[in-house]
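File shown: input-v7.cif. Contents: mmCIF, C-alpha atoms.
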```cif
data_run
loop_
_atom_site.label_atom_id
_atom_site.label_comp_id
_atom_site.auth_asym_id
_atom_site.auth_seq_id
_atom_site.Cartn_x
_atom_site.Cartn_y
_atom_site.Cartn_z
CA MET A 8 83.19 118.56 117.50
CA ALA A 9 85.57 115.62 117.94
CA THR A 10 84.49 112.02 118.21
CA GLU A 11 83.13 111.42 121.71
CA ILE A 12 83.79 108.00 123.20
CA ASP A 13 81.37 107.02 125.95
CA PRO A 14 80.25 110.64 126.55
CA ALA A 15 77.90 109.51 129.34
CA ARG A 16 80.83 107.70 131.01
CA ALA A 17 78.65 104.62 131.30
CA MET A 18 81.64 102.28 131.56
CA PRO A 19 83.49 103.96 134.45
CA ARG A 20 80.17 104.52 136.21
CA ALA A 21 79.39 100.81 136.00
CA ILE A 22 82.80 100.02 137.51
CA LEU A 23 82.42 102.56 140.31
CA GLU A 24 79.01 101.11 141.15
CA ALA A 25 80.15 97.50 140.95
CA ALA A 26 82.74 97.48 143.71
CA ASP A 27 84.13 99.60 146.50
CA LEU A 28 87.27 101.04 144.97
CA ARG A 29 88.29 103.11 147.99
CA ASP A 30 91.75 102.06 149.21
CA ALA A 31 91.74 99.23 146.70
CA ARG A 32 94.80 98.14 144.76
CA ILE A 33 93.46 97.37 141.30
CA LEU A 34 94.87 95.39 138.40
CA GLU A 35 93.30 96.13 135.02
CA ALA A 36 94.07 93.56 132.35
CA GLY A 37 93.39 94.86 128.85
CA ALA A 38 93.99 98.46 129.81
CA GLY A 39 94.79 99.41 126.21
CA ASP A 40 95.58 103.10 125.88
CA GLY A 41 94.45 103.79 129.45
CA ARG A 42 91.37 105.79 128.50
CA LEU A 43 89.10 103.86 130.87
CA THR A 44 91.70 103.46 133.62
CA LEU A 45 92.06 107.17 134.20
CA GLN A 46 88.30 107.58 134.52
CA TYR A 47 87.95 105.44 137.65
CA ALA A 48 91.44 105.43 139.19
CA PHE A 49 90.81 108.59 141.23
CA GLN A 50 88.66 106.48 143.58
CA SER A 51 91.32 103.85 144.20
CA ARG A 52 94.56 103.52 146.14
CA SER A 53 96.45 102.46 143.01
CA VAL A 54 95.90 100.91 139.60
CA ILE A 55 98.29 98.90 137.47
CA GLY A 56 97.07 98.69 133.87
CA ILE A 57 98.52 95.94 131.73
CA ASP A 58 98.16 95.04 128.08
CA THR A 59 100.02 92.75 125.72
CA LYS A 60 100.03 95.41 122.98
CA GLU A 61 103.12 97.53 123.49
CA PRO A 62 101.93 100.37 121.20
CA ASP A 63 98.82 100.75 123.36
CA ILE A 64 100.90 100.85 126.53
CA ARG A 65 103.10 103.55 124.96
CA LEU A 66 99.91 105.54 124.22
CA ALA A 67 98.75 105.07 127.79
CA LEU A 68 102.05 106.33 129.17
CA ALA A 69 101.94 109.39 126.93
CA ARG A 70 98.25 110.00 127.31
CA PRO A 71 97.16 113.62 127.68
CA MET A 72 94.75 114.00 130.59
CA ASP A 73 91.71 116.16 130.99
CA THR A 74 91.35 117.94 134.31
CA SER A 75 89.12 115.26 135.83
CA GLU A 76 91.85 112.66 135.28
CA THR A 77 94.74 114.61 136.80
CA GLU A 78 94.05 113.36 140.31
CA ALA A 79 94.06 109.79 139.08
CA HIS A 80 97.33 109.91 137.23
CA GLY A 81 99.70 109.66 140.19
CA ARG A 82 98.09 106.41 141.25
CA VAL A 83 98.34 104.68 137.90
CA ARG A 84 101.11 102.62 136.28
CA PHE A 85 101.01 100.95 132.90
CA LEU A 86 103.13 98.06 131.75
CA CYS A 87 103.27 95.46 129.03
CA ALA A 88 102.25 92.06 130.43
CA SER A 89 99.94 89.15 129.75
CA ALA A 90 96.89 88.30 131.86
CA THR A 91 97.88 84.65 131.66
CA ALA A 92 101.32 85.16 133.29
CA LEU A 93 101.01 88.03 135.72
CA PRO A 94 104.31 89.44 137.02
CA PHE A 95 102.93 90.01 140.52
CA PRO A 96 103.05 88.13 143.82
CA ALA A 97 100.03 86.31 145.21
CA GLU A 98 97.22 88.28 146.87
CA ARG A 99 98.62 91.60 145.65
CA PHE A 100 95.28 93.23 144.58
CA GLU A 101 91.85 93.76 146.07
CA ILE A 102 90.26 94.08 142.61
CA VAL A 103 91.12 92.54 139.25
CA LEU A 104 89.33 94.03 136.25
CA LEU A 105 89.33 91.98 133.07
CA ALA A 106 88.53 94.55 130.39
CA SER A 107 87.54 92.53 127.32
CA SER A 108 90.31 90.16 128.33
CA LEU A 109 88.42 86.87 128.20
CA MET B 16 90.95 82.14 129.12
CA VAL B 17 90.89 79.80 132.09
CA ASP B 18 94.59 80.63 132.58
CA ALA B 19 93.74 84.32 132.91
CA LEU B 20 91.10 83.51 135.52
CA ARG B 21 93.51 81.27 137.42
CA GLU B 22 96.07 84.09 137.45
CA ALA B 23 93.42 86.60 138.52
CA ARG B 24 92.57 84.37 141.47
CA ARG B 25 96.23 84.01 142.40
CA VAL B 26 96.90 87.76 142.57
CA LEU B 27 93.59 88.62 144.25
CA SER B 28 93.53 89.05 147.99
CA ARG B 29 91.28 86.78 150.04
CA ARG B 30 87.69 87.90 149.35
CA GLY B 31 88.97 90.11 146.51
CA VAL B 32 86.68 91.05 143.64
CA LEU B 33 86.97 89.99 140.00
CA ILE B 34 85.26 92.29 137.47
CA ASP B 35 84.55 90.81 134.04
CA LEU B 36 83.78 93.56 131.52
CA ARG B 37 82.99 92.74 127.90
CA PRO B 38 80.53 93.37 125.06
CA LEU B 39 77.43 91.23 124.75
CA VAL B 40 76.38 89.26 121.71
CA ALA B 41 73.85 91.85 120.61
CA PRO B 42 73.33 93.99 117.51
CA LEU B 43 75.31 97.16 117.13
CA VAL B 44 72.92 100.12 116.80
CA VAL B 45 73.86 103.00 114.48
CA GLU B 46 71.78 106.15 114.66
CA VAL B 47 71.40 109.65 113.31
CA ILE B 48 70.60 111.87 116.27
CA ASP B 49 69.23 115.38 116.48
CA GLY B 50 69.94 116.66 119.95
CA ALA B 51 68.46 114.14 122.35
CA GLU B 52 66.16 112.67 119.68
CA THR B 53 66.92 109.61 117.55
CA ALA B 54 66.01 110.61 113.98
CA TRP B 55 66.99 107.33 112.30
CA SER B 56 68.23 104.00 113.60
CA ARG B 57 69.49 100.71 112.20
CA GLU B 58 70.69 97.51 113.85
CA VAL B 59 73.72 95.89 112.25
CA ALA B 60 75.36 92.52 112.66
CA THR B 61 76.75 91.50 116.01
CA TYR B 62 80.22 92.77 116.74
CA SER B 63 81.43 90.08 119.09
CA ALA B 64 82.18 86.71 117.59
CA PRO B 65 79.68 84.33 119.25
CA GLU B 66 82.33 81.61 119.55
CA ASP B 67 84.62 83.99 121.51
CA VAL B 68 81.80 84.89 123.85
CA ALA B 69 80.90 81.23 124.32
CA SER B 70 84.53 80.42 125.15
CA ALA B 71 84.70 83.26 127.66
CA ASP B 72 81.43 82.15 129.27
CA ALA B 73 82.72 78.58 129.47
CA ALA B 74 85.95 79.74 131.12
CA VAL B 75 84.03 81.71 133.73
CA GLN B 76 81.79 78.72 134.33
CA THR B 77 84.87 76.56 134.87
CA ALA B 78 86.28 79.07 137.36
CA VAL B 79 83.02 79.15 139.30
CA SER B 80 82.47 75.38 139.28
CA SER B 81 86.10 74.88 140.36
CA GLY B 82 85.39 76.93 143.44
CA TRP B 83 87.70 79.82 142.56
CA PHE B 84 84.99 82.50 142.51
CA VAL B 85 81.39 83.08 143.52
CA PHE B 86 79.14 85.08 141.22
CA GLU B 87 77.79 88.28 142.77
CA LYS B 88 75.97 90.43 140.18
CA SER B 89 75.76 91.60 136.58
CA VAL B 90 74.72 94.88 135.05
CA ALA B 91 74.26 95.76 131.38
CA PHE B 92 74.84 99.20 129.91
CA ASP B 93 75.18 100.96 126.55
CA PHE B 94 78.60 102.11 125.39
CA GLU B 95 78.25 104.98 122.93
CA ILE B 96 80.38 106.63 120.29
CA VAL B 97 79.13 110.00 119.02
CA CYS B 98 80.68 111.76 116.04
CA ASP B 99 79.94 114.33 113.35
CA THR B 100 80.76 112.53 110.14
CA VAL B 101 80.68 109.10 108.60
CA ALA B 102 84.44 109.37 108.03
CA GLU B 103 84.99 109.77 111.78
CA LEU B 104 82.78 106.77 112.53
CA ARG B 105 84.59 104.71 109.92
CA ASP B 106 87.98 105.67 111.41
CA TYR B 107 86.84 104.65 114.86
CA ALA B 108 85.28 101.39 113.68
CA ASN B 109 88.35 100.41 111.68
CA GLY B 110 90.68 101.22 114.58
CA ARG B 111 88.64 99.09 116.95
CA LYS B 112 87.89 96.33 114.43
CA LEU B 113 84.19 97.10 114.88
CA CYS B 114 83.19 94.96 111.85
CA GLY B 115 83.27 98.15 109.77
CA GLU B 116 82.00 96.39 106.67
CA GLU B 117 78.65 95.75 108.37
CA ILE B 118 77.95 99.40 109.15
CA PRO B 119 75.81 100.96 106.36
CA TYR B 120 78.03 104.00 105.88
CA GLY B 121 76.42 105.07 102.60
CA GLU B 122 72.91 104.99 104.02
CA LEU B 123 74.06 106.75 107.18
CA GLU B 124 75.59 109.55 105.12
CA GLN B 125 72.44 109.87 103.04
CA ARG B 126 70.12 109.94 106.07
CA GLN B 127 72.34 112.44 107.83
CA ALA B 128 72.22 114.77 104.81
CA GLU B 129 68.44 114.40 104.42
CA LEU B 130 67.65 114.92 108.08
CA GLY B 131 69.98 117.88 108.39
CA ALA B 132 68.90 119.84 105.33
CA PRO B 133 68.78 122.79 105.23
CA GLY B 134 70.24 123.19 108.75
CA PRO B 135 73.39 121.80 110.33
CA ALA B 136 74.00 118.07 109.93
CA PRO B 137 72.73 115.94 112.82
CA ARG B 138 75.30 113.78 114.59
CA LEU B 139 75.92 110.06 114.38
CA ARG B 140 75.82 107.64 117.28
CA CYS B 141 76.90 104.03 117.57
CA ARG B 142 75.71 102.01 120.57
CA ARG B 143 76.90 98.65 121.85
CA ARG B 144 75.51 96.69 124.76
CA TRP B 145 78.10 95.68 127.36
CA MET B 146 77.92 93.56 130.49
CA LEU B 147 79.82 93.99 133.72
CA SER B 148 79.81 91.01 136.08
CA THR B 149 81.41 90.75 139.49
CA TYR B 150 82.70 87.64 141.27
CA ARG B 151 84.08 87.26 144.77
CA ARG B 152 87.25 85.26 145.23
CA LYS B 153 86.73 82.23 147.39
CA PRO B 154 89.33 82.09 150.21
#
```

Entire entry expressed as structure tokens:
Amino acid sequence: MATEIDPARAMPRAILEAADLRDARILEAGAGDGRLTLQYAFQSRSVIGIDTKEPDIRLALARPMDTSETEAHGRVRFLCASATALPFPAERFEIVLLASSL
Amino acid sequence: MVDALREARRVLSRRGVLIDLRPLVAPLVVEVIDGAETAWSREVATYSAPEDVASADAAVQTAVSSGWFVFEKSVAFDFEIVCDTVAELRDYANGRKLCGEEIPYGELEQRQAELGAPGPAPRLRCRRRWMLSTYRRKP
């Protein structure tokens, strides 16, 4: 059996319980390879995942999905950017998630 | 860190929600598990550098005291990695800079072999405590 990361999905469950994601435009800073992003994005209107590590963003863009993540994928974009200089206009998101970004 | 919070406030809509998700300063727990049962367990040194956590806490405190955000709630949870072999755990730990040198790989391998004999080897689990906190943007 392969290595299982967060098999109980504790992290996406905590996010889904923390805020109302329905119709929300979400920015995730520290999205890494997008593993977490695709586990909650199905509930949202859209998610933009950013990370300063370009190799991680390339992994996120090429990430194979399991069936539960397919619905989420069309709502998600990944790009290389820094949380300290966000390339977005003011008041663009309803939720900002700092994933180990502080 | 304060710059990231300032930027988060800027791009958040009025009354938008900030979610701060990060590991706690708490021991990492490595275990040998047999089904749902924990057969052997050991706490190892804290993963997160305390000074990093203190800096992050201070930045959040600055953002709150500056009137950018209002604290709403926090919830703690365990983040788990489950694997079959010590080599897999070592690969994961090294890839994530999980202070691999602190994990007692030799002892884990020995316990796994002892507890599994003569049947199939039990699995290995690594648990870390995380905290999710939410803050509401002040208009």

Each residue of chain B with at least one atom at most 7 Å from chain A should appear once, together with its nearest atom pair and the corresponding distance in Å (one decimal); atoms considered: only C-alpha atoms; ordering: chain, then increasing residue number; output as a Markdown table.
```
| residue | atom | partner | partner_atom | distance |
| --- | --- | --- | --- | --- |
| B:Met16 | CA | A:Leu109 | CA | 5.4 |
| B:Asp18 | CA | A:Thr91 | CA | 5.3 |
| B:Ala19 | CA | A:Thr91 | CA | 4.3 |
| B:Glu22 | CA | A:Thr91 | CA | 6.1 |
| B:Ala23 | CA | A:Val103 | CA | 6.4 |
| B:Arg25 | CA | A:Ala97 | CA | 5.3 |
| B:Val26 | CA | A:Glu98 | CA | 4.3 |
| B:Leu27 | CA | A:Glu98 | CA | 4.5 |
| B:Ser28 | CA | A:Glu98 | CA | 3.9 |
| B:Arg29 | CA | A:Glu98 | CA | 6.9 |
| B:Gly31 | CA | A:Glu101 | CA | 4.7 |
| B:Val32 | CA | A:Ile102 | CA | 4.8 |
| B:Leu33 | CA | A:Val103 | CA | 4.9 |
| B:Ile34 | CA | A:Leu104 | CA | 4.6 |
| B:Asp35 | CA | A:Leu105 | CA | 5.0 |
| B:Leu36 | CA | A:Ala106 | CA | 5.0 |
| B:Arg37 | CA | A:Ser107 | CA | 4.6 |
| B:Ala71 | CA | A:Leu109 | CA | 5.2 |
| B:Phe92 | CA | A:Ala17 | CA | 6.8 |
| B:Asp93 | CA | A:Ala17 | CA | 6.9 |
| B:Phe94 | CA | A:Asp13 | CA | 5.7 |
| B:Glu95 | CA | A:Asp13 | CA | 4.8 |
| B:Ile96 | CA | A:Ile12 | CA | 4.7 |
| B:Val97 | CA | A:Glu11 | CA | 5.0 |
| B:Cys98 | CA | A:Thr10 | CA | 4.4 |
| B:Asp99 | CA | A:Met8 | CA | 6.8 |
| B:Glu103 | CA | A:Thr10 | CA | 6.8 |
```

Which residues would end up in the selection if the PyMOL selection byres ((chain A and resi 41) around 12) were applied here, given that I need the answer as a PDB file with C-alpha atoms, in the coordinates of the input?
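And here is the file that came out, out-v1.pdb:
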```pdb
ATOM      1  CA  GLU A  35      93.300  96.130 135.020  1.00  0.00           C
ATOM      2  CA  ALA A  36      94.070  93.560 132.350  1.00  0.00           C
ATOM      3  CA  GLY A  37      93.390  94.860 128.850  1.00  0.00           C
ATOM      4  CA  ALA A  38      93.990  98.460 129.810  1.00  0.00           C
ATOM      5  CA  GLY A  39      94.790  99.410 126.210  1.00  0.00           C
ATOM      6  CA  ASP A  40      95.580 103.100 125.880  1.00  0.00           C
ATOM      7  CA  ARG A  42      91.370 105.790 128.500  1.00  0.00           C
ATOM      8  CA  LEU A  43      89.100 103.860 130.870  1.00  0.00           C
ATOM      9  CA  THR A  44      91.700 103.460 133.620  1.00  0.00           C
ATOM     10  CA  LEU A  45      92.060 107.170 134.200  1.00  0.00           C
ATOM     11  CA  GLN A  46      88.300 107.580 134.520  1.00  0.00           C
ATOM     12  CA  TYR A  47      87.950 105.440 137.650  1.00  0.00           C
ATOM     13  CA  ALA A  48      91.440 105.430 139.190  1.00  0.00           C
ATOM     14  CA  VAL A  54      95.900 100.910 139.600  1.00  0.00           C
ATOM     15  CA  ILE A  55      98.290  98.900 137.470  1.00  0.00           C
ATOM     16  CA  GLY A  56      97.070  98.690 133.870  1.00  0.00           C
ATOM     17  CA  ILE A  57      98.520  95.940 131.730  1.00  0.00           C
ATOM     18  CA  ASP A  58      98.160  95.040 128.080  1.00  0.00           C
ATOM     19  CA  LYS A  60     100.030  95.410 122.980  1.00  0.00           C
ATOM     20  CA  PRO A  62     101.930 100.370 121.200  1.00  0.00           C
ATOM     21  CA  ASP A  63      98.820 100.750 123.360  1.00  0.00           C
ATOM     22  CA  ILE A  64     100.900 100.850 126.530  1.00  0.00           C
ATOM     23  CA  ARG A  65     103.100 103.550 124.960  1.00  0.00           C
ATOM     24  CA  LEU A  66      99.910 105.540 124.220  1.00  0.00           C
ATOM     25  CA  ALA A  67      98.750 105.070 127.790  1.00  0.00           C
ATOM     26  CA  LEU A  68     102.050 106.330 129.170  1.00  0.00           C
ATOM     27  CA  ALA A  69     101.940 109.390 126.930  1.00  0.00           C
ATOM     28  CA  ARG A  70      98.250 110.000 127.310  1.00  0.00           C
ATOM     29  CA  PRO A  71      97.160 113.620 127.680  1.00  0.00           C
ATOM     30  CA  MET A  72      94.750 114.000 130.590  1.00  0.00           C
ATOM     31  CA  GLU A  76      91.850 112.660 135.280  1.00  0.00           C
ATOM     32  CA  ALA A  79      94.060 109.790 139.080  1.00  0.00           C
ATOM     33  CA  HIS A  80      97.330 109.910 137.230  1.00  0.00           C
ATOM     34  CA  VAL A  83      98.340 104.680 137.900  1.00  0.00           C
ATOM     35  CA  ARG A  84     101.110 102.620 136.280  1.00  0.00           C
ATOM     36  CA  PHE A  85     101.010 100.950 132.900  1.00  0.00           C
ATOM     37  CA  LEU A  86     103.130  98.060 131.750  1.00  0.00           C
ATOM     38  CA  ALA A 106      88.530  94.550 130.390  1.00  0.00           C
TER      39      ALA A 106
END
```

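For the residues B:Arg21, B:Arg30, B:Arg105, B:Arg142, ranking by smallest atom-to-atom distance to B:Pro154 using only C-alpha atoms places B:Arg30 first.
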
Could you give me, as a list in words, the residues within 12 Å of stretch 131-135 of chain B, counting all atoms listed in the file and dropping anything in the same chain fewer than 6 positions from it?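 So the residues in contact are Val47, Ile48, Asp49, Gly50, Ala54, Trp55, Asp99, Thr100, Leu123, Glu124 and Gln125 of chain B.
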
Residues in the PyMOL selection byres ((chain B and resi 41) around 12), expressed as a VMD selection string: chain B and resid 37 to 40 42 to 44 58 to 65 68 91 to 93 142 to 146

For this file, the PyMOL selection byres ((chain A and resi 30) around 6) selects which residues, as a list in words?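 What the PyMOL selection byres ((chain A and resi 30) around 6) grabs from the file is Arg29, Ala31, Ser51 and Arg52 of chain A.
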
Separation of atom CA of A:Arg82 from atom CA of A:Ser53, in Å and rounded to one decimal: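 Spanning atom CA of A:Arg82 to atom CA of A:Ser53 is a straight-line distance of 4.6 Å.
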
For atom CA of B:Ser56 and atom CA of B:Ala136, determine how far apart the two atoms are, in Å to one decimal place.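 It comes out at 15.6 Å.
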
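Across the structure, atom CA of B:Ser81 and atom CA of A:Cys87 are spaced 29.1 Å apart.
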
Kindly list the centre and edge lengths in Å, rounded to one decimal, for the axis-aligned box that covers all listed atoms of stretch 90-98 of chain A plus 5 Å on each of its six sides, as AutoDock Vina command-line options.
```
--center_x 100.6 --center_y 87.3 --center_z 139.3 --size_x 17.4 --size_y 15.4 --size_z 25.2
```

Taking into account all atoms listed in the file, which residue in the set B:Val85, B:Ala51, B:Val75, B:Val90 is nearest to B:Leu147?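 Closest candidate: B:Val90.
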
Find, counting only C-alpha atoms, the residue in B:Ala78, B:Cys141, B:Val45, B:Ala69 that gets nearest to B:Leu20.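 Selected residue with least distance to B:Leu20: B:Ala78.
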
If we count only C-alpha atoms and set the cut-off at 9 Å, which residues sit around B:Glu87, ignoring sequence neighbours fewer than 6 positions away in its own chain? Please answer as a tab-separated table (two decimals) with C-alpha atoms, in the frame of the given file.
```tsv
chain	number	residue	atom	x	y	z
B	148	SER	CA	79.81	91.01	136.08
B	149	THR	CA	81.41	90.75	139.49
B	150	TYR	CA	82.70	87.64	141.27
B	151	ARG	CA	84.08	87.26	144.77
```

Using the partial input, fill out stretch 21-42 of chain A with N, CA and C atoms; write the result as a tab-separated table (two decimals), in the frame of the given file.
```
chain	number	residue	atom	x	y	z
A	21	ALA	N	79.73	102.20	135.66
A	21	ALA	CA	79.39	100.81	136.00
A	21	ALA	C	80.46	100.22	136.92
A	22	ILE	N	81.72	100.54	136.66
A	22	ILE	CA	82.80	100.02	137.51
A	22	ILE	C	82.71	100.61	138.91
A	23	LEU	N	82.48	101.91	138.99
A	23	LEU	CA	82.42	102.56	140.31
A	23	LEU	C	81.25	102.04	141.13
A	24	GLU	N	80.17	101.63	140.44
A	24	GLU	CA	79.01	101.11	141.15
A	24	GLU	C	79.13	99.62	141.46
A	25	ALA	N	80.06	98.95	140.80
A	25	ALA	CA	80.15	97.50	140.95
A	25	ALA	C	80.91	97.08	142.20
A	26	ALA	N	81.88	97.89	142.59
A	26	ALA	CA	82.74	97.48	143.71
A	26	ALA	C	83.22	98.72	144.46
A	27	ASP	N	83.61	98.50	145.69
A	27	ASP	CA	84.13	99.60	146.50
A	27	ASP	C	85.62	99.77	146.16
A	28	LEU	N	85.90	100.84	145.45
A	28	LEU	CA	87.27	101.04	144.97
A	28	LEU	C	88.15	101.77	146.00
A	29	ARG	N	87.51	102.31	147.03
A	29	ARG	CA	88.29	103.11	147.99
A	29	ARG	C	89.38	102.25	148.65
A	30	ASP	N	90.61	102.76	148.62
A	30	ASP	CA	91.75	102.06	149.21
A	30	ASP	C	92.09	100.75	148.52
A	31	ALA	N	91.48	100.50	147.38
A	31	ALA	CA	91.74	99.23	146.70
A	31	ALA	C	92.94	99.35	145.77
A	32	ARG	N	93.75	98.28	145.77
A	32	ARG	CA	94.80	98.14	144.76
A	32	ARG	C	94.19	97.33	143.63
A	33	ILE	N	94.20	97.94	142.43
A	33	ILE	CA	93.46	97.37	141.30
A	33	ILE	C	94.43	96.97	140.19
A	34	LEU	N	94.17	95.81	139.61
A	34	LEU	CA	94.87	95.39	138.40
A	34	LEU	C	93.86	95.41	137.27
A	35	GLU	N	94.17	96.14	136.21
A	35	GLU	CA	93.30	96.13	135.02
A	35	GLU	C	94.03	95.44	133.89
A	36	ALA	N	93.51	94.29	133.49
A	36	ALA	CA	94.07	93.56	132.35
A	36	ALA	C	93.30	93.94	131.10
A	37	GLY	N	94.04	94.36	130.06
A	37	GLY	CA	93.39	94.86	128.85
A	37	GLY	C	93.19	96.35	128.93
A	38	ALA	N	94.13	97.02	129.56
A	38	ALA	CA	93.99	98.46	129.81
A	38	ALA	C	94.10	99.28	128.52
A	39	GLY	N	94.69	98.70	127.48
A	39	GLY	CA	94.79	99.41	126.21
A	39	GLY	C	95.52	100.73	126.37
A	40	ASP	N	94.93	101.79	125.83
A	40	ASP	CA	95.58	103.10	125.88
A	40	ASP	C	95.28	103.86	127.18
A	41	GLY	N	94.64	103.20	128.13
A	41	GLY	CA	94.45	103.79	129.45
A	41	GLY	C	93.27	104.74	129.56
A	42	ARG	N	92.49	104.84	128.48
A	42	ARG	CA	91.37	105.79	128.50
A	42	ARG	C	90.40	105.49	129.65
```
